[in-house]
file entry.pdb (PDB, C-alpha atoms)
ATOM      1  CA  MET A  12     -15.982 -28.808   5.035
ATOM      2  CA  ALA A  13     -14.819 -26.734   2.096
ATOM      3  CA  ARG A  14     -17.506 -25.345  -0.151
ATOM      4  CA  ASP A  15     -17.716 -26.288  -3.804
ATOM      5  CA  TYR A  16     -17.266 -23.114  -5.845
ATOM      6  CA  SER A  17     -16.887 -24.868  -9.196
ATOM      7  CA  ASN A  18     -20.145 -23.364 -10.467
ATOM      8  CA  TYR A  19     -18.654 -19.878  -9.989
ATOM      9  CA  ALA A  20     -15.137 -20.482 -11.285
ATOM     10  CA  GLN A  21     -15.951 -19.954 -14.961
ATOM     11  CA  ALA A  22     -17.890 -16.716 -14.435
ATOM     12  CA  SER A  23     -16.263 -13.269 -14.583
ATOM     13  CA  ASP A  24     -16.107 -11.121 -11.465
ATOM     14  CA  GLU A  25     -18.448  -8.641 -13.094
ATOM     15  CA  GLU A  26     -21.040 -11.341 -13.758
ATOM     16  CA  LEU A  27     -20.679 -12.712 -10.230
ATOM     17  CA  ILE A  28     -21.244  -9.296  -8.667
ATOM     18  CA  HIS A  29     -24.369  -8.844 -10.781
ATOM     19  CA  ARG A  30     -25.641 -12.228  -9.620
ATOM     20  CA  LEU A  31     -24.729 -11.437  -6.007
ATOM     21  CA  ARG A  32     -26.757  -8.240  -6.145
ATOM     22  CA  SER A  33     -29.613 -10.286  -7.593
ATOM     23  CA  GLY A  34     -29.700 -12.475  -4.499
ATOM     24  CA  GLU A  35     -27.039 -15.211  -4.829
ATOM     25  CA  GLU A  36     -25.530 -14.548  -1.398
ATOM     26  CA  PRO A  37     -23.044 -17.503  -1.409
ATOM     27  CA  ILE A  38     -21.110 -15.645  -4.117
ATOM     28  CA  MET A  39     -19.767 -13.257  -1.462
ATOM     29  CA  ASP A  40     -18.040 -16.175   0.251
ATOM     30  CA  TYR A  41     -16.520 -17.184  -3.075
ATOM     31  CA  ILE A  42     -15.226 -13.670  -3.751
ATOM     32  CA  CYS A  43     -13.727 -13.484  -0.256
ATOM     33  CA  ASP A  44     -11.988 -16.815  -0.811
ATOM     34  CA  LYS A  45     -10.798 -15.776  -4.269
ATOM     35  CA  TYR A  46      -9.306 -12.481  -3.077
ATOM     36  CA  LYS A  47      -8.023 -13.530   0.351
ATOM     37  CA  ASN A  48      -4.438 -13.830  -0.907
ATOM     38  CA  LEU A  49      -4.577 -10.321  -2.368
ATOM     39  CA  VAL A  50      -5.798  -9.010   1.000
ATOM     40  CA  ARG A  51      -3.037 -10.849   2.859
ATOM     41  CA  SER A  52      -0.396  -9.583   0.467
ATOM     42  CA  LYS A  53      -1.568  -5.993   0.850
ATOM     43  CA  ALA A  54      -1.799  -6.341   4.631
ATOM     44  CA  LYS A  55       1.750  -7.700   4.764
ATOM     45  CA  SER A  56       3.104  -4.727   2.839
ATOM     46  CA  MET A  57       1.263  -2.276   5.115
ATOM     47  CA  TYR A  58       2.515  -4.022   8.241
ATOM     48  CA  ILE A  59       5.807  -2.133   8.041
ATOM     49  CA  LEU A  60       3.865   1.102   8.540
ATOM     50  CA  GLY A  61       2.995   0.059  12.069
ATOM     51  CA  GLY A  62      -0.288  -1.811  11.717
ATOM     52  CA  ASP A  63      -1.232  -5.049  13.474
ATOM     53  CA  GLY A  64      -1.200  -8.054  11.149
ATOM     54  CA  GLU A  65      -4.573  -9.589  12.001
ATOM     55  CA  ASP A  66      -6.283  -6.209  12.281
ATOM     56  CA  LEU A  67      -4.954  -5.254   8.870
ATOM     57  CA  ILE A  68      -6.330  -8.426   7.296
ATOM     58  CA  GLN A  69      -9.738  -7.571   8.746
ATOM     59  CA  GLU A  70      -9.466  -4.036   7.388
ATOM     60  CA  GLY A  71      -8.461  -5.446   4.025
ATOM     61  CA  MET A  72     -11.582  -7.591   3.960
ATOM     62  CA  ILE A  73     -13.652  -4.490   4.753
ATOM     63  CA  GLY A  74     -12.023  -2.851   1.741
ATOM     64  CA  LEU A  75     -12.996  -5.873  -0.360
ATOM     65  CA  PHE A  76     -16.614  -5.659   0.833
ATOM     66  CA  LYS A  77     -16.660  -1.981  -0.090
ATOM     67  CA  ALA A  78     -15.312  -2.853  -3.530
ATOM     68  CA  VAL A  79     -18.131  -5.338  -4.069
ATOM     69  CA  ARG A  80     -20.665  -2.806  -2.792
ATOM     70  CA  ASP A  81     -19.448   0.114  -4.888
ATOM     71  CA  TYR A  82     -18.182  -1.506  -8.079
ATOM     72  CA  ASP A  83     -19.709  -0.116 -11.261
ATOM     73  CA  SER A  84     -18.714  -2.022 -14.400
ATOM     74  CA  GLY A  85     -19.737   0.927 -16.569
ATOM     75  CA  ARG A  86     -17.543   3.379 -14.682
ATOM     76  CA  ASP A  87     -14.652   1.498 -13.149
ATOM     77  CA  ALA A  88     -11.894  -0.627 -14.622
ATOM     78  CA  SER A  89     -11.835  -4.363 -13.982
ATOM     79  CA  PHE A  90     -13.112  -5.505 -10.607
ATOM     80  CA  TYR A  91      -9.626  -6.735  -9.694
ATOM     81  CA  THR A  92      -8.155  -3.267 -10.243
ATOM     82  CA  PHE A  93     -11.001  -1.614  -8.323
ATOM     83  CA  ALA A  94     -10.719  -4.115  -5.451
ATOM     84  CA  ASP A  95      -6.952  -3.597  -5.282
ATOM     85  CA  LEU A  96      -7.510   0.145  -4.896
ATOM     86  CA  CYS A  97     -10.291  -0.195  -2.303
ATOM     87  CA  ILE A  98      -8.258  -2.626  -0.207
ATOM     88  CA  SER A  99      -5.166  -0.390  -0.316
ATOM     89  CA  ARG A 100      -7.166   2.687   0.657
ATOM     90  CA  GLN A 101      -8.857   0.896   3.558
ATOM     91  CA  LEU A 102      -5.547  -0.439   4.857
ATOM     92  CA  TYR A 103      -3.756   2.892   4.607
ATOM     93  CA  THR A 104      -6.616   4.700   6.331
ATOM     94  CA  ALA A 105      -6.511   2.129   9.137
ATOM     95  CA  VAL A 106      -2.736   2.466   9.544
ATOM     96  CA  GLN A 107      -2.946   6.251   9.660
ATOM     97  CA  ALA A 108      -5.726   6.098  12.276
ATOM     98  CA  SER A 109      -3.675   3.659  14.349
ATOM     99  CA  LYS A 110      -0.593   5.858  14.184
ATOM    100  CA  ARG A 111      -2.593   8.896  15.307
ATOM    101  CA  GLN A 112      -4.064   7.002  18.246
ATOM    102  CA  LYS A 113      -0.732   5.622  19.365
ATOM    103  CA  HIS A 114       1.195   8.817  18.564
ATOM    104  CA  ILE A 115       3.738   6.799  16.628
ATOM    105  CA  PRO A 116       6.403   9.106  15.134
ATOM    106  CA  LEU A 117       7.019   8.972  11.415
ATOM    107  CA  ASN A 118       9.127   5.968  10.414
ATOM    108  CA  SER A 119       9.462   4.665  13.984
ATOM    109  CA  TYR A 120       9.365   1.257  12.324
ATOM    110  CA  VAL A 121      12.822   2.069  10.874
ATOM    111  CA  SER A 122      11.503   1.461   7.374
ATOM    112  CA  LEU A 123      14.289   3.459   5.781
ATOM    113  CA  TYR A 124      16.397   0.336   5.814
ATOM    114  CA  GLY A 125      13.534  -1.997   5.021
ATOM    115  CA  SER A 126      13.112  -3.668   1.659
ATOM    116  CA  LEU A 127      10.872  -2.348  -1.066
ATOM    117  CA  SER A 128       9.958  -3.194  -4.625
ATOM    118  CA  GLU A 129       8.766  -0.457  -6.954
ATOM    119  CA  GLN A 130       7.378  -2.874  -9.498
ATOM    120  CA  GLU A 131       6.517  -6.556  -9.605
ATOM    121  CA  GLY A 132       9.297  -8.657 -11.071
ATOM    122  CA  LYS A 133      12.091  -6.397  -9.873
ATOM    123  CA  GLU A 134      14.457  -7.412  -7.116
ATOM    124  CA  GLU A 135      13.709  -5.916  -3.728
ATOM    125  CA  ALA A 136      15.868  -2.951  -2.924
ATOM    126  CA  ASN A 137      16.755  -0.948   0.158
ATOM    127  CA  LEU A 138      15.558   2.659  -0.010
ATOM    128  CA  MET A 139      18.639   4.166   1.538
ATOM    129  CA  GLU A 140      20.939   2.023  -0.599
ATOM    130  CA  SER A 141      18.946   3.009  -3.674
ATOM    131  CA  LEU A 142      19.191   6.700  -2.859
ATOM    132  CA  ALA A 143      22.855   6.374  -1.968
ATOM    133  CA  ASP A 144      23.509   4.758  -5.315
ATOM    134  CA  GLN A 145      21.712   7.615  -7.090
ATOM    135  CA  ALA A 146      23.789  10.092  -5.110
ATOM    136  CA  GLY A 147      27.011   8.311  -6.041
ATOM    137  CA  ILE A 148      27.691   7.111  -2.500
ATOM    138  CA  ASN A 149      29.143   3.677  -1.847
ATOM    139  CA  PRO A 150      26.586   1.810   0.346
ATOM    140  CA  GLU A 151      29.438   0.178   2.259
ATOM    141  CA  GLU A 152      30.482   3.636   3.425
ATOM    142  CA  MET A 153      27.131   4.308   5.035
ATOM    143  CA  VAL A 154      26.978   3.757   8.779
ATOM    144  CA  LEU A 155      23.777   1.815   9.374
ATOM    145  CA  ASP A 156      23.362   2.433  13.073
ATOM    146  CA  LYS A 157      20.507   3.576  15.275
ATOM    147  CA  GLU A 158      21.870   7.098  15.616
ATOM    148  CA  ARG A 159      21.892   7.608  11.848
ATOM    149  CA  VAL A 160      18.403   6.199  11.500
ATOM    150  CA  ALA A 161      17.164   8.444  14.318
ATOM    151  CA  TYR A 162      18.794  11.457  12.670
ATOM    152  CA  LEU A 163      17.241  10.713   9.299
ATOM    153  CA  GLU A 164      13.817  10.124  10.844
ATOM    154  CA  ASN A 165      14.034  13.442  12.681
ATOM    155  CA  VAL A 166      15.019  15.329   9.529
ATOM    156  CA  ILE A 167      12.262  13.625   7.527
ATOM    157  CA  GLU A 168       9.727  14.599  10.175
ATOM    158  CA  ASN A 169      10.799  18.233   9.962
ATOM    159  CA  GLU A 170      11.704  18.597   6.286
ATOM    160  CA  LEU A 171       8.978  16.670   4.442
ATOM    161  CA  SER A 172       5.488  18.023   3.903
ATOM    162  CA  THR A 173       2.451  16.022   5.027
ATOM    163  CA  PHE A 174       1.835  14.933   1.444
ATOM    164  CA  GLU A 175       5.470  13.904   0.983
ATOM    165  CA  LYS A 176       5.309  11.845   4.180
ATOM    166  CA  GLN A 177       2.195  10.077   2.895
ATOM    167  CA  VAL A 178       3.911   9.366  -0.412
ATOM    168  CA  LEU A 179       6.994   8.034   1.403
ATOM    169  CA  ASP A 180       4.846   5.773   3.577
ATOM    170  CA  LEU A 181       3.216   4.157   0.563
ATOM    171  CA  TYR A 182       6.441   4.109  -1.451
ATOM    172  CA  MET A 183       7.969   2.030   1.331
ATOM    173  CA  THR A 184       5.274  -0.624   0.811
ATOM    174  CA  GLY A 185       6.464  -1.085  -2.771
ATOM    175  CA  MET A 186       3.822   0.983  -4.557
ATOM    176  CA  SER A 187       4.628   2.908  -7.725
ATOM    177  CA  TYR A 188       3.744   6.600  -7.895
ATOM    178  CA  THR A 189       0.701   5.781 -10.061
ATOM    179  CA  GLN A 190      -0.620   3.426  -7.383
ATOM    180  CA  ILE A 191       0.161   5.939  -4.648
ATOM    181  CA  ALA A 192      -1.750   8.630  -6.539
ATOM    182  CA  LYS A 193      -4.845   6.439  -6.675
ATOM    183  CA  VAL A 194      -4.713   5.541  -2.986
ATOM    184  CA  LEU A 195      -4.280   9.168  -1.919
ATOM    185  CA  GLY A 196      -6.769  10.502  -4.462
ATOM    186  CA  ARG A 197      -4.180  12.806  -6.050
ATOM    187  CA  ASP A 198      -3.127  13.232  -9.670
ATOM    188  CA  GLU A 199      -0.121  11.275 -10.902
ATOM    189  CA  LYS A 200       1.995  14.321 -11.784
ATOM    190  CA  SER A 201       1.817  15.912  -8.330
ATOM    191  CA  THR A 202       2.455  12.516  -6.717
ATOM    192  CA  ASP A 203       5.507  11.843  -8.880
ATOM    193  CA  ASN A 204       6.775  15.372  -8.184
ATOM    194  CA  ALA A 205       6.388  14.777  -4.434
ATOM    195  CA  LEU A 206       8.259  11.483  -4.728
ATOM    196  CA  GLN A 207      11.131  13.124  -6.599
ATOM    197  CA  ARG A 208      11.248  15.987  -4.069
ATOM    198  CA  LEU A 209      11.413  13.688  -1.075
ATOM    199  CA  LYS A 210      14.082  11.556  -2.738
ATOM    200  CA  SER A 211      16.113  14.689  -3.374
ATOM    201  CA  LYS A 212      15.722  15.845   0.216
ATOM    202  CA  ILE A 213      16.787  12.441   1.570
ATOM    203  CA  ARG A 214      19.779  12.305  -0.766
ATOM    204  CA  LYS A 215      20.962  15.639   0.654
ATOM    205  CA  MET A 216      20.854  14.119   4.144
ATOM    206  CA  LEU A 217      23.219  11.285   3.214
TER
END
call {"tool": "encode", "arguments": {"input": "entry.pdb", "output": "structure tokens"}}
result
Amino acid sequence: MARDYSNYAQASDEELIHRLRSGEEPIMDYICDKYKNLVRSKAKSMYILGGDGEDLIQEGMIGLFKAVRDYDSGRDASFYTFADLCISRQLYTAVQASKRQKHIPLNSYVSLYGSLSEQEGKEEANLMESLADQAGINPEEMVLDKERVAYLENVIENELSTFEKQVLDLYMTGMSYTQIAKVLGRDEKSTDNALQRLKSKIRKML
């Protein structure tokens, strides 16, 4: 039987967290229910990096719990923004740990031809098509076969720095450079510079 959360619906997240810490334990269930779609959305975007769907949802919920535990209304932005960051960090950490354990090579998920969206509201684009367009190459002229993908993946593995690979991973999930900077704990300028460098390197491969 579904719980009645109507007595929580009118309260702000900040107020609810204060009440939760004061002993109203059912509020945690309400917050989990309220943010479950955000967790699922984040988990879906990280799935292309090689994570398992159900495991990622669980990791996302761990990130949400950490957000509730660590949120400070006097220090942090809105709870939604803080939760979004905590969930993204938890998911990315889990994906990276999984890739290390399985020894999955960079981009073995063939994400270079996967869809991405830099900002909400924009049409999804294809990274390689986007870069080809910037380089003045007709996308129809590109040979989208396994050999080309394998070649590009090999060059990316050898030509990109560790930081650039991390930025590319998150860029492929649709994050902007500002979001990537927050997840990786780096400043926005260095993150944007890394993104521009890796784009330039990939364009030269086309």
call {"tool": "residues_around", "arguments": {"input": "entry.pdb", "residues": "region 83-91 of chain A", "least_positions_apart": "2", "cutoff": "10 Å", "atoms": "only C-alpha atoms", "output": "JSON, numbers by chain"}}
result
{"A": [23, 24, 25, 26, 28, 29, 46, 49, 75, 78, 79, 80, 81, 93, 94, 95, 96, 97]}
call {"tool": "closest_residue", "arguments": {"input": "entry.pdb", "among": "A:Tyr188, A:Phe174, A:Tyr41, A:Tyr162", "to": "Ile213 (chain A)", "atoms": "all atoms listed in the file"}}
result
A:Tyr162
call {"tool": "residues_near_point", "arguments": {"input": "entry.pdb", "point": "(-19.6, -10.3, 1.2)", "cutoff": "12 Å", "atoms": "only C-alpha atoms", "output": "PyMOL selection string"}}
result
chain A and resi 27-28+31-32+34-46+72-80
call {"tool": "axis_aligned_box", "arguments": {"input": "entry.pdb", "around": "region 190-195 of chain A", "padding_each_side": "6 Å", "output": "JSON"}}
result
{"center_x": -2.3, "center_y": 6.3, "center_z": -4.7, "size_x": 17.0, "size_y": 17.7, "size_z": 17.5}
call {"tool": "atom_distance", "arguments": {"input": "entry.pdb", "atom1": "CA of Asp198 (chain A)", "atom2": "CA of Glu175 (chain A)"}}
result
13.7 Å
call {"tool": "closest_residue", "arguments": {"input": "entry.pdb", "among": "A:Ala20, A:Ile98, A:Leu209, A:Leu181", "to": "Arg51 (chain A)", "atoms": "all atoms listed in the file"}}
result
A:Ile98
call {"tool": "build_atoms", "arguments": {"input": "entry.pdb", "residues": "region 160-171 of chain A", "atoms": "all heavy atoms", "output": "PDB file, in the frame of the given file"}}
result
ATOM      1  N   VAL A 160      19.827   6.375  11.796  1.00  0.00           N
ATOM      2  CA  VAL A 160      18.403   6.199  11.500  1.00  0.00           C
ATOM      3  C   VAL A 160      17.589   7.252  12.235  1.00  0.00           C
ATOM      4  O   VAL A 160      16.690   7.884  11.663  1.00  0.00           O
ATOM      5  CB  VAL A 160      17.933   4.780  11.901  1.00  0.00           C
ATOM      6  CG1 VAL A 160      16.411   4.678  11.789  1.00  0.00           C
ATOM      7  CG2 VAL A 160      18.588   3.736  11.013  1.00  0.00           C
ATOM      8  N   ALA A 161      17.887   7.458  13.523  1.00  0.00           N
ATOM      9  CA  ALA A 161      17.164   8.444  14.318  1.00  0.00           C
ATOM     10  C   ALA A 161      17.319   9.842  13.735  1.00  0.00           C
ATOM     11  O   ALA A 161      16.363  10.621  13.676  1.00  0.00           O
ATOM     12  CB  ALA A 161      17.660   8.417  15.765  1.00  0.00           C
ATOM     13  N   TYR A 162      18.537  10.145  13.272  1.00  0.00           N
ATOM     14  CA  TYR A 162      18.794  11.457  12.670  1.00  0.00           C
ATOM     15  C   TYR A 162      17.959  11.642  11.405  1.00  0.00           C
ATOM     16  O   TYR A 162      17.320  12.683  11.206  1.00  0.00           O
ATOM     17  CB  TYR A 162      20.281  11.594  12.345  1.00  0.00           C
ATOM     18  CG  TYR A 162      20.599  12.737  11.405  1.00  0.00           C
ATOM     19  CD1 TYR A 162      20.552  14.057  11.856  1.00  0.00           C
ATOM     20  CD2 TYR A 162      20.908  12.496  10.074  1.00  0.00           C
ATOM     21  CE1 TYR A 162      20.826  15.108  10.986  1.00  0.00           C
ATOM     22  CE2 TYR A 162      21.180  13.536   9.200  1.00  0.00           C
ATOM     23  CZ  TYR A 162      21.136  14.839   9.658  1.00  0.00           C
ATOM     24  OH  TYR A 162      21.396  15.874   8.798  1.00  0.00           O
ATOM     25  N   LEU A 163      17.991  10.632  10.549  1.00  0.00           N
ATOM     26  CA  LEU A 163      17.241  10.713   9.299  1.00  0.00           C
ATOM     27  C   LEU A 163      15.745  10.833   9.558  1.00  0.00           C
ATOM     28  O   LEU A 163      15.047  11.600   8.900  1.00  0.00           O
ATOM     29  CB  LEU A 163      17.537   9.486   8.434  1.00  0.00           C
ATOM     30  CG  LEU A 163      18.941   9.432   7.832  1.00  0.00           C
ATOM     31  CD1 LEU A 163      19.184   8.081   7.167  1.00  0.00           C
ATOM     32  CD2 LEU A 163      19.131  10.554   6.815  1.00  0.00           C
ATOM     33  N   GLU A 164      15.245  10.058  10.515  1.00  0.00           N
ATOM     34  CA  GLU A 164      13.817  10.124  10.844  1.00  0.00           C
ATOM     35  C   GLU A 164      13.438  11.518  11.335  1.00  0.00           C
ATOM     36  O   GLU A 164      12.376  12.043  10.988  1.00  0.00           O
ATOM     37  CB  GLU A 164      13.477   9.076  11.900  1.00  0.00           C
ATOM     38  CG  GLU A 164      13.522   7.658  11.359  1.00  0.00           C
ATOM     39  CD  GLU A 164      13.324   6.623  12.439  1.00  0.00           C
ATOM     40  OE1 GLU A 164      13.381   7.007  13.635  1.00  0.00           O
ATOM     41  OE2 GLU A 164      13.109   5.449  12.111  1.00  0.00           O
ATOM     42  N   ASN A 165      14.299  12.114  12.153  1.00  0.00           N
ATOM     43  CA  ASN A 165      14.034  13.442  12.681  1.00  0.00           C
ATOM     44  C   ASN A 165      14.022  14.484  11.566  1.00  0.00           C
ATOM     45  O   ASN A 165      13.141  15.356  11.533  1.00  0.00           O
ATOM     46  CB  ASN A 165      15.102  13.813  13.721  1.00  0.00           C
ATOM     47  CG  ASN A 165      14.845  15.173  14.333  1.00  0.00           C
ATOM     48  OD1 ASN A 165      13.852  15.391  15.007  1.00  0.00           O
ATOM     49  ND2 ASN A 165      15.759  16.103  14.083  1.00  0.00           N
ATOM     50  N   VAL A 166      14.966  14.378  10.639  1.00  0.00           N
ATOM     51  CA  VAL A 166      15.019  15.329   9.529  1.00  0.00           C
ATOM     52  C   VAL A 166      13.803  15.149   8.625  1.00  0.00           C
ATOM     53  O   VAL A 166      13.213  16.123   8.170  1.00  0.00           O
ATOM     54  CB  VAL A 166      16.321  15.152   8.726  1.00  0.00           C
ATOM     55  CG1 VAL A 166      16.319  16.064   7.506  1.00  0.00           C
ATOM     56  CG2 VAL A 166      17.521  15.465   9.598  1.00  0.00           C
ATOM     57  N   ILE A 167      13.431  13.891   8.360  1.00  0.00           N
ATOM     58  CA  ILE A 167      12.262  13.625   7.527  1.00  0.00           C
ATOM     59  C   ILE A 167      11.007  14.221   8.164  1.00  0.00           C
ATOM     60  O   ILE A 167      10.166  14.824   7.501  1.00  0.00           O
ATOM     61  CB  ILE A 167      12.090  12.108   7.304  1.00  0.00           C
ATOM     62  CG1 ILE A 167      13.140  11.613   6.314  1.00  0.00           C
ATOM     63  CG2 ILE A 167      10.690  11.775   6.793  1.00  0.00           C
ATOM     64  CD1 ILE A 167      13.168  10.118   6.135  1.00  0.00           C
ATOM     65  N   GLU A 168      10.890  14.067   9.468  1.00  0.00           N
ATOM     66  CA  GLU A 168       9.727  14.599  10.175  1.00  0.00           C
ATOM     67  C   GLU A 168       9.630  16.109  10.021  1.00  0.00           C
ATOM     68  O   GLU A 168       8.545  16.669   9.881  1.00  0.00           O
ATOM     69  CB  GLU A 168       9.815  14.228  11.664  1.00  0.00           C
ATOM     70  CG  GLU A 168       8.709  14.813  12.532  1.00  0.00           C
ATOM     71  CD  GLU A 168       7.331  14.274  12.183  1.00  0.00           C
ATOM     72  OE1 GLU A 168       7.224  13.151  11.674  1.00  0.00           O
ATOM     73  OE2 GLU A 168       6.345  15.010  12.432  1.00  0.00           O
ATOM     74  N   ASN A 169      10.781  16.776  10.007  1.00  0.00           N
ATOM     75  CA  ASN A 169      10.799  18.233   9.962  1.00  0.00           C
ATOM     76  C   ASN A 169      10.883  18.824   8.561  1.00  0.00           C
ATOM     77  O   ASN A 169      10.445  19.950   8.332  1.00  0.00           O
ATOM     78  CB  ASN A 169      11.972  18.762  10.799  1.00  0.00           C
ATOM     79  CG  ASN A 169      11.786  18.502  12.285  1.00  0.00           C
ATOM     80  OD1 ASN A 169      10.765  18.840  12.855  1.00  0.00           O
ATOM     81  ND2 ASN A 169      12.773  17.873  12.897  1.00  0.00           N
ATOM     82  N   GLU A 170      11.455  18.063   7.621  1.00  0.00           N
ATOM     83  CA  GLU A 170      11.704  18.597   6.286  1.00  0.00           C
ATOM     84  C   GLU A 170      10.648  18.221   5.248  1.00  0.00           C
ATOM     85  O   GLU A 170      10.457  18.941   4.270  1.00  0.00           O
ATOM     86  CB  GLU A 170      13.077  18.130   5.789  1.00  0.00           C
ATOM     87  CG  GLU A 170      14.251  18.650   6.601  1.00  0.00           C
ATOM     88  CD  GLU A 170      14.378  20.162   6.519  1.00  0.00           C
ATOM     89  OE1 GLU A 170      14.023  20.741   5.466  1.00  0.00           O
ATOM     90  OE2 GLU A 170      14.829  20.774   7.513  1.00  0.00           O
ATOM     91  N   LEU A 171       9.962  17.101   5.426  1.00  0.00           N
ATOM     92  CA  LEU A 171       8.978  16.670   4.442  1.00  0.00           C
ATOM     93  C   LEU A 171       7.600  17.233   4.759  1.00  0.00           C
ATOM     94  O   LEU A 171       7.211  17.332   5.921  1.00  0.00           O
ATOM     95  CB  LEU A 171       8.892  15.143   4.381  1.00  0.00           C
ATOM     96  CG  LEU A 171      10.146  14.367   3.976  1.00  0.00           C
ATOM     97  CD1 LEU A 171       9.803  12.898   3.733  1.00  0.00           C
ATOM     98  CD2 LEU A 171      10.817  14.960   2.754  1.00  0.00           C
TER      99      LEU A 171
END
